[in-house]
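Shown next: protein-v9.cif, given as mmCIF, C-alpha atoms.
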```cif
data_coords
loop_
_atom_site.group_PDB
_atom_site.id
_atom_site.type_symbol
_atom_site.label_atom_id
_atom_site.label_comp_id
_atom_site.auth_asym_id
_atom_site.auth_seq_id
_atom_site.Cartn_x
_atom_site.Cartn_y
_atom_site.Cartn_z
ATOM 1 C CA MET A 7 65.562 24.437 92.615
ATOM 2 C CA SER A 8 67.762 21.520 93.671
ATOM 3 C CA LEU A 9 70.273 21.987 96.463
ATOM 4 C CA LEU A 10 72.256 18.959 95.314
ATOM 5 C CA LYS A 11 75.465 19.507 93.362
ATOM 6 C CA THR A 12 77.977 17.397 91.524
ATOM 7 C CA ASP A 13 80.576 16.024 93.909
ATOM 8 C CA LEU A 14 83.412 14.438 91.944
ATOM 9 C CA SER A 15 85.089 13.295 95.165
ATOM 10 C CA THR A 16 82.304 10.666 95.412
ATOM 11 C CA PHE A 17 82.880 9.258 91.912
ATOM 12 C CA ASP A 18 83.289 5.472 92.095
ATOM 13 C CA ASN A 19 84.358 3.577 89.004
ATOM 14 C CA GLU A 20 85.084 0.265 90.773
ATOM 15 C CA TRP A 21 82.372 -1.625 88.880
ATOM 16 C CA TYR A 22 84.024 -0.965 85.489
ATOM 17 C CA LYS A 23 86.414 -3.682 84.327
ATOM 18 C CA PRO A 24 88.375 -2.940 81.103
ATOM 19 C CA GLY A 25 88.923 -6.630 80.426
ATOM 20 C CA ARG A 26 92.706 -6.996 80.753
ATOM 21 C CA PRO A 27 95.231 -6.727 83.599
ATOM 22 C CA LEU A 28 97.011 -3.434 84.262
ATOM 23 C CA LEU A 29 100.269 -4.687 82.718
ATOM 24 C CA VAL A 30 98.545 -5.462 79.402
ATOM 25 C CA ARG A 31 96.807 -2.064 79.413
ATOM 26 C CA VAL A 32 100.114 -0.277 80.049
ATOM 27 C CA LEU A 33 101.836 -2.264 77.291
ATOM 28 C CA TRP A 34 98.983 -1.400 74.912
ATOM 29 C CA TYR A 35 99.326 2.273 75.844
ATOM 30 C CA PHE A 36 102.884 2.301 74.491
ATOM 31 C CA VAL A 37 102.067 0.190 71.413
ATOM 32 C CA ASN A 38 99.145 2.505 70.649
ATOM 33 C CA TYR A 39 101.374 5.554 71.083
ATOM 34 C CA PHE A 40 104.272 4.368 68.897
ATOM 35 C CA PHE A 41 102.397 2.496 66.148
ATOM 36 C CA PHE A 42 98.894 3.973 65.957
ATOM 37 C CA LYS A 43 98.929 7.571 67.258
ATOM 38 C CA SER A 44 102.205 8.215 65.435
ATOM 39 C CA PRO A 45 102.798 8.822 61.712
ATOM 40 C CA PHE A 46 103.615 5.086 61.286
ATOM 41 C CA PRO A 47 102.109 4.376 57.836
ATOM 42 C CA PHE A 48 102.125 0.566 57.433
ATOM 43 C CA TYR A 49 98.830 -1.332 57.674
ATOM 44 C CA GLY A 50 100.188 -4.886 58.050
ATOM 45 C CA PRO A 51 101.994 -4.387 61.369
ATOM 46 C CA LYS A 52 98.983 -2.496 62.740
ATOM 47 C CA ARG A 53 96.664 -5.385 61.846
ATOM 48 C CA PHE A 54 99.095 -7.807 63.490
ATOM 49 C CA LEU A 55 99.343 -5.731 66.679
ATOM 50 C CA LEU A 56 95.573 -5.330 66.946
ATOM 51 C CA ARG A 57 95.125 -9.104 66.655
ATOM 52 C CA LEU A 58 97.969 -9.700 69.124
ATOM 53 C CA PHE A 59 96.107 -7.584 71.699
ATOM 54 C CA GLY A 60 92.802 -9.384 71.143
ATOM 55 C CA ALA A 61 90.995 -7.458 68.406
ATOM 56 C CA LYS A 62 89.092 -9.483 65.851
ATOM 57 C CA VAL A 63 90.236 -8.099 62.486
ATOM 58 C CA GLY A 64 89.060 -9.226 59.051
ATOM 59 C CA ILE A 65 90.981 -8.858 55.805
ATOM 60 C CA GLY A 66 91.828 -5.607 54.056
ATOM 61 C CA LEU A 67 91.751 -3.204 57.012
ATOM 62 C CA ILE A 68 93.077 0.250 56.077
ATOM 63 C CA ILE A 69 94.083 2.112 59.239
ATOM 64 C CA LYS A 70 95.744 5.472 58.695
ATOM 65 C CA PRO A 71 98.262 7.222 60.985
ATOM 66 C CA HIS A 72 97.366 9.146 64.160
ATOM 67 C CA VAL A 73 94.555 6.790 65.242
ATOM 68 C CA SER A 74 93.913 6.149 68.929
ATOM 69 C CA ILE A 75 92.275 2.950 70.175
ATOM 70 C CA LYS A 76 91.469 2.616 73.883
ATOM 71 C CA TYR A 77 91.154 -1.177 74.211
ATOM 72 C CA PRO A 78 91.764 -3.398 71.150
ATOM 73 C CA TRP A 79 90.312 -6.452 72.927
ATOM 74 C CA LEU A 80 86.929 -4.677 72.748
ATOM 75 C CA LEU A 81 87.213 -4.112 68.982
ATOM 76 C CA VAL A 82 85.669 -6.223 66.192
ATOM 77 C CA ILE A 83 86.519 -5.223 62.616
ATOM 78 C CA GLY A 84 85.074 -6.872 59.503
ATOM 79 C CA ASP A 85 86.571 -7.081 56.019
ATOM 80 C CA HIS A 86 87.713 -4.055 54.008
ATOM 81 C CA VAL A 87 87.096 -1.475 56.732
ATOM 82 C CA TRP A 88 88.668 1.989 56.469
ATOM 83 C CA ILE A 89 89.762 4.025 59.499
ATOM 84 C CA GLY A 90 90.992 7.552 58.682
ATOM 85 C CA GLU A 91 93.604 9.827 60.232
ATOM 86 C CA GLU A 92 93.046 11.096 63.784
ATOM 87 C CA VAL A 93 90.135 8.773 64.518
ATOM 88 C CA TRP A 94 89.644 8.131 68.224
ATOM 89 C CA ILE A 95 87.990 4.845 69.157
ATOM 90 C CA ASP A 96 87.289 5.407 72.851
ATOM 91 C CA ASN A 97 85.934 1.914 73.335
ATOM 92 C CA LEU A 98 85.188 1.446 76.995
ATOM 93 C CA ALA A 99 82.623 -1.020 75.599
ATOM 94 C CA LYS A 100 82.613 -3.180 72.487
ATOM 95 C CA VAL A 101 82.921 -1.399 69.131
ATOM 96 C CA THR A 102 81.988 -3.356 66.014
ATOM 97 C CA LEU A 103 82.904 -2.077 62.555
ATOM 98 C CA LYS A 104 81.273 -4.458 60.113
ATOM 99 C CA SER A 105 82.577 -5.128 56.613
ATOM 100 C CA HIS A 106 82.924 -2.191 54.205
ATOM 101 C CA SER A 107 82.223 0.394 56.909
ATOM 102 C CA CYS A 108 84.230 3.602 57.026
ATOM 103 C CA VAL A 109 85.256 5.912 59.871
ATOM 104 C CA SER A 110 86.638 9.126 58.345
ATOM 105 C CA GLN A 111 89.261 11.592 59.563
ATOM 106 C CA GLY A 112 88.864 12.972 63.051
ATOM 107 C CA ALA A 113 85.763 10.939 63.923
ATOM 108 C CA LEU A 114 85.166 9.991 67.562
ATOM 109 C CA LEU A 115 83.505 6.726 68.555
ATOM 110 C CA LEU A 116 82.650 7.468 72.175
ATOM 111 C CA CYS A 117 81.511 4.500 74.281
ATOM 112 C CA GLY A 118 81.564 6.332 77.620
ATOM 113 C CA ASN A 119 79.774 9.249 79.210
ATOM 114 C CA HIS A 120 78.679 10.358 82.674
ATOM 115 C CA ASN A 121 75.283 10.486 84.327
ATOM 116 C CA TYR A 122 74.707 14.208 84.835
ATOM 117 C CA LYS A 123 71.616 13.465 86.947
ATOM 118 C CA ARG A 124 73.679 11.853 89.703
ATOM 119 C CA THR A 125 75.769 13.837 92.156
ATOM 120 C CA THR A 126 78.366 11.049 91.854
ATOM 121 C CA PHE A 127 78.745 11.651 88.077
ATOM 122 C CA ASP A 128 78.506 7.868 87.447
ATOM 123 C CA LEU A 129 80.196 6.390 84.385
ATOM 124 C CA LEU A 130 77.833 5.199 81.656
ATOM 125 C CA VAL A 131 79.028 2.932 78.847
ATOM 126 C CA GLY A 132 77.379 1.612 75.698
ATOM 127 C CA GLU A 133 78.456 -0.408 72.691
ATOM 128 C CA ILE A 134 78.753 1.119 69.219
ATOM 129 C CA THR A 135 78.133 -0.715 65.948
ATOM 130 C CA LEU A 136 78.657 0.416 62.382
ATOM 131 C CA GLU A 137 76.719 -2.051 60.264
ATOM 132 C CA GLU A 138 77.881 -3.141 56.816
ATOM 133 C CA GLY A 139 78.638 -0.192 54.531
ATOM 134 C CA ALA A 140 77.921 2.454 57.192
ATOM 135 C CA TRP A 141 79.986 5.625 57.058
ATOM 136 C CA ALA A 142 80.852 7.972 59.928
ATOM 137 C CA GLY A 143 82.059 11.094 58.086
ATOM 138 C CA ALA A 144 84.957 13.338 59.027
ATOM 139 C CA LYS A 145 84.806 14.994 62.483
ATOM 140 C CA THR A 146 81.640 13.112 63.462
ATOM 141 C CA VAL A 147 80.818 11.874 66.947
ATOM 142 C CA VAL A 148 79.047 8.577 67.572
ATOM 143 C CA CYS A 149 77.731 8.423 71.144
ATOM 144 C CA PRO A 150 77.432 5.423 73.505
ATOM 145 C CA GLY A 151 74.840 2.825 72.568
ATOM 146 C CA VAL A 152 74.445 4.064 68.986
ATOM 147 C CA ARG A 153 74.147 1.809 65.938
ATOM 148 C CA LEU A 154 74.700 3.124 62.418
ATOM 149 C CA GLY A 155 72.411 0.996 60.256
ATOM 150 C CA SER A 156 73.602 -0.741 57.113
ATOM 151 C CA HIS A 157 74.781 1.800 54.514
ATOM 152 C CA SER A 158 73.714 4.771 56.620
ATOM 153 C CA LEU A 159 75.799 7.945 56.409
ATOM 154 C CA LEU A 160 76.559 10.398 59.216
ATOM 155 C CA THR A 161 77.704 13.563 57.435
ATOM 156 C CA VAL A 162 80.738 15.715 58.249
ATOM 157 C CA GLY A 163 80.670 17.236 61.742
ATOM 158 C CA SER A 164 77.402 15.566 62.765
ATOM 159 C CA ILE A 165 76.684 13.953 66.122
ATOM 160 C CA ALA A 166 74.755 10.685 66.413
ATOM 161 C CA THR A 167 73.050 10.575 69.808
ATOM 162 C CA ALA A 168 70.589 7.881 68.662
ATOM 163 C CA SER A 169 70.794 5.013 66.205
ATOM 164 C CA LEU A 170 70.585 5.652 62.454
ATOM 165 C CA GLU A 171 68.257 3.744 60.144
ATOM 166 C CA GLU A 172 69.813 1.803 57.301
ATOM 167 C CA ASN A 173 70.267 3.524 53.918
ATOM 168 C CA TRP A 174 69.591 7.036 55.262
ATOM 169 C CA ILE A 175 71.819 10.111 55.351
ATOM 170 C CA TYR A 176 71.890 11.974 58.682
ATOM 171 C CA GLN A 177 73.159 15.473 59.403
ATOM 172 C CA GLY A 178 73.409 17.924 62.313
ATOM 173 C CA ASN A 179 73.659 18.028 66.081
ATOM 174 C CA PRO A 180 71.848 15.938 67.052
ATOM 175 C CA ALA A 181 71.843 14.155 63.694
ATOM 176 C CA LYS A 182 68.501 14.205 61.893
ATOM 177 C CA LYS A 183 67.351 12.079 58.971
ATOM 178 C CA LEU A 184 68.022 14.020 55.750
ATOM 179 C CA LYS A 185 67.384 11.789 52.732
ATOM 180 C CA LEU A 186 67.843 8.285 51.385
ATOM 181 C CA ARG A 187 71.358 7.308 50.399
ATOM 182 C CA GLU A 188 71.211 6.366 46.745
ATOM 183 C CA PHE A 189 73.892 4.341 44.988
ATOM 184 C CA LYS A 190 74.901 4.408 41.341
ATOM 185 C CA THR A 191 77.021 1.821 39.597
ATOM 186 C CA LYS A 192 80.219 2.690 37.756
ATOM 187 C CA ARG A 193 79.870 3.505 34.078
#
```
Could you write out this file's structure as structure tokens?
Amino acid sequence: MSLLKTDLSTFDNEWYKPGRPLLVRVLWYFVNYFFFKSPFPFYGPKRFLLRLFGAKVGIGLIIKPHVSIKYPWLLVIGDHVWIGEEVWIDNLAKVTLKSHSCVSQGALLLCGNHNYKRTTFDLLVGEITLEEGAWAGAKTVVCPGVRLGSHSLLTVGSIATASLEENWIYQGNPAKKLKLREFKTKR
């Protein structure tokens, strides 16, 4: 049995650099609060504000109310991406949402975690990518370093702790491969 214990007083986050000065981060905090986390319904101003703060945003972004984005300058969004209500993009690292990807209501894209094996509880960060046509369903969690392959689907309430293969449906905690995602054309 180990005699070592977590000692949060020794936590040192000095190595982490969020990519913008404190003044910009504080300004973003208020913009995020009043335009994104609020019931503000208009997509155009949100697209403009994201670009203004350094996000790369394609055409046709649908971003619903009550969304929280940690750092827009670490966000890359393709064309015709949907982001649902109460999504939290906790992007301590780069998050890429490629064209036609969807992040449904209440999903959490979590780029940070802590090293539970260290007494200092060190911060760990990893990028997240949703490839073209990938879908993170409602109330899902996508963990640091995870990639949702092209047209993969993470079903409602599931947690992706590892990358998902393209064209597969995943379910559970941790998410397991369920079946191929099959498409049908309109009649």
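Residue neighbourhood of Leu114 of chain A, excluding near-sequence residues (fewer than 3 positions): Ser74, Glu92, Val93, Trp94, Ile95, Asp96, Asn97, Val109, Ser110, Gln111, Cys117, Ala142, Ala144, Lys145, Thr146, Val147, Val148, Cys149 and Ile165 of chain A, at 10 Å, using only C-alpha atoms.
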Could the residues of segment 72-134 of chain A that have an atom at most 9 Å from segment 153-162 of chain A be listed as a tab-separated table, each with its closest atom pair and the distance in Å to one decimal, counting all atoms listed in the file and ordered by chain and ascending residue number?
```
residue	atom	partner	partner_atom	distance
A:Ser107	CA	A:His157	CA	7.9
A:Ser110	CA	A:Val162	CA	8.8
A:Ala113	CA	A:Val162	CA	9.0
A:Glu133	CA	A:Arg153	CA	8.3
A:Ile134	CA	A:Arg153	CA	5.7
```
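We find atom CA of Glu171 of chain A and atom CA of Lys104 of chain A to be spaced 15.4 Å apart.
The gap separating atom CA of Leu55 of chain A from atom CA of Leu81 of chain A is 12.5 Å, in Å to one decimal.
Going from atom CA of Glu137 of chain A to atom CA of Leu103 of chain A covers 6.6 Å.
Listed by chain and then by number, the residues chosen by the PyMOL selection byres ((chain A and resi 132) around 12) in this file are Leu80, Asp96, Asn97, Leu98, Ala99, Lys100, Val101, Thr102, Leu115, Leu116, Cys117, Gly118, Asn119, His120, Leu129, Leu130, Val131, Glu133, Ile134, Thr135, Val148, Cys149, Pro150, Gly151, Val152, Arg153, Thr167 and Ala168 of chain A.
Using all atoms listed in the file, the shortest contact distance between Tyr176 of chain A and any of A:Pro47, A:Thr191, A:Trp141, A:Pro24 is found at A:Trp141.
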Env of Pro78 of chain A: 7 Å cut, atoms = all atoms listed in the file, seq-sep filter 5 positions within chain, self excluded. Answer as an mmCIF file with C-alpha atoms, in the frame of the given file.
```cif
data_model
loop_
_atom_site.group_PDB
_atom_site.id
_atom_site.type_symbol
_atom_site.label_atom_id
_atom_site.label_comp_id
_atom_site.auth_asym_id
_atom_site.auth_seq_id
_atom_site.Cartn_x
_atom_site.Cartn_y
_atom_site.Cartn_z
ATOM 1 C CA LEU A 56 95.573 -5.330 66.946
ATOM 2 C CA PHE A 59 96.107 -7.584 71.699
ATOM 3 C CA GLY A 60 92.802 -9.384 71.143
ATOM 4 C CA ALA A 61 90.995 -7.458 68.406
#
```
Could you please fill out segment 49-66 of chain A with N, CA and C atoms and send it back as an mmCIF file, keeping the file's coordinate frame?
```
data_model
loop_
_atom_site.group_PDB
_atom_site.id
_atom_site.type_symbol
_atom_site.label_atom_id
_atom_site.label_comp_id
_atom_site.auth_asym_id
_atom_site.auth_seq_id
_atom_site.Cartn_x
_atom_site.Cartn_y
_atom_site.Cartn_z
ATOM 1 N N TYR A 49 100.061 -0.690 57.210
ATOM 2 C CA TYR A 49 98.830 -1.332 57.674
ATOM 3 C C TYR A 49 99.073 -2.725 58.260
ATOM 4 N N GLY A 50 99.955 -3.506 57.626
ATOM 5 C CA GLY A 50 100.188 -4.886 58.050
ATOM 6 C C GLY A 50 100.592 -5.021 59.506
ATOM 7 N N PRO A 51 101.622 -4.294 59.950
ATOM 8 C CA PRO A 51 101.994 -4.387 61.369
ATOM 9 C C PRO A 51 100.873 -3.932 62.313
ATOM 10 N N LYS A 52 100.094 -2.950 61.892
ATOM 11 C CA LYS A 52 98.983 -2.496 62.740
ATOM 12 C C LYS A 52 97.935 -3.600 62.882
ATOM 13 N N ARG A 53 97.617 -4.265 61.780
ATOM 14 C CA ARG A 53 96.664 -5.385 61.846
ATOM 15 C C ARG A 53 97.186 -6.465 62.792
ATOM 16 N N PHE A 54 98.469 -6.789 62.643
ATOM 17 C CA PHE A 54 99.095 -7.807 63.490
ATOM 18 C C PHE A 54 99.005 -7.421 64.969
ATOM 19 N N LEU A 55 99.354 -6.183 65.290
ATOM 20 C CA LEU A 55 99.343 -5.731 66.679
ATOM 21 C C LEU A 55 97.928 -5.720 67.259
ATOM 22 N N LEU A 56 96.956 -5.299 66.464
ATOM 23 C CA LEU A 56 95.573 -5.330 66.946
ATOM 24 C C LEU A 56 95.161 -6.760 67.291
ATOM 25 N N ARG A 57 95.464 -7.695 66.394
ATOM 26 C CA ARG A 57 95.125 -9.104 66.655
ATOM 27 C C ARG A 57 95.874 -9.627 67.884
ATOM 28 N N LEU A 58 97.145 -9.263 68.000
ATOM 29 C CA LEU A 58 97.969 -9.700 69.124
ATOM 30 C C LEU A 58 97.355 -9.280 70.462
ATOM 31 N N PHE A 59 96.725 -8.094 70.480
ATOM 32 C CA PHE A 59 96.107 -7.584 71.699
ATOM 33 C C PHE A 59 94.619 -7.928 71.811
ATOM 34 N N GLY A 60 94.142 -8.844 70.956
ATOM 35 C CA GLY A 60 92.802 -9.384 71.143
ATOM 36 C C GLY A 60 91.710 -8.856 70.249
ATOM 37 N N ALA A 61 92.013 -7.928 69.344
ATOM 38 C CA ALA A 61 90.995 -7.458 68.406
ATOM 39 C C ALA A 61 90.693 -8.551 67.396
ATOM 40 N N LYS A 62 89.462 -8.601 66.951
ATOM 41 C CA LYS A 62 89.092 -9.483 65.851
ATOM 42 C C LYS A 62 89.121 -8.616 64.594
ATOM 43 N N VAL A 63 90.016 -8.939 63.658
ATOM 44 C CA VAL A 63 90.236 -8.099 62.486
ATOM 45 C C VAL A 63 90.115 -8.947 61.223
ATOM 46 N N GLY A 64 89.220 -8.539 60.327
ATOM 47 C CA GLY A 64 89.060 -9.226 59.051
ATOM 48 C C GLY A 64 90.176 -8.850 58.090
ATOM 49 N N ILE A 65 89.972 -9.153 56.827
ATOM 50 C CA ILE A 65 90.981 -8.858 55.805
ATOM 51 C C ILE A 65 90.791 -7.443 55.258
ATOM 52 N N GLY A 66 91.894 -6.866 54.786
ATOM 53 C CA GLY A 66 91.828 -5.607 54.056
ATOM 54 C C GLY A 66 91.614 -4.354 54.888
#
```
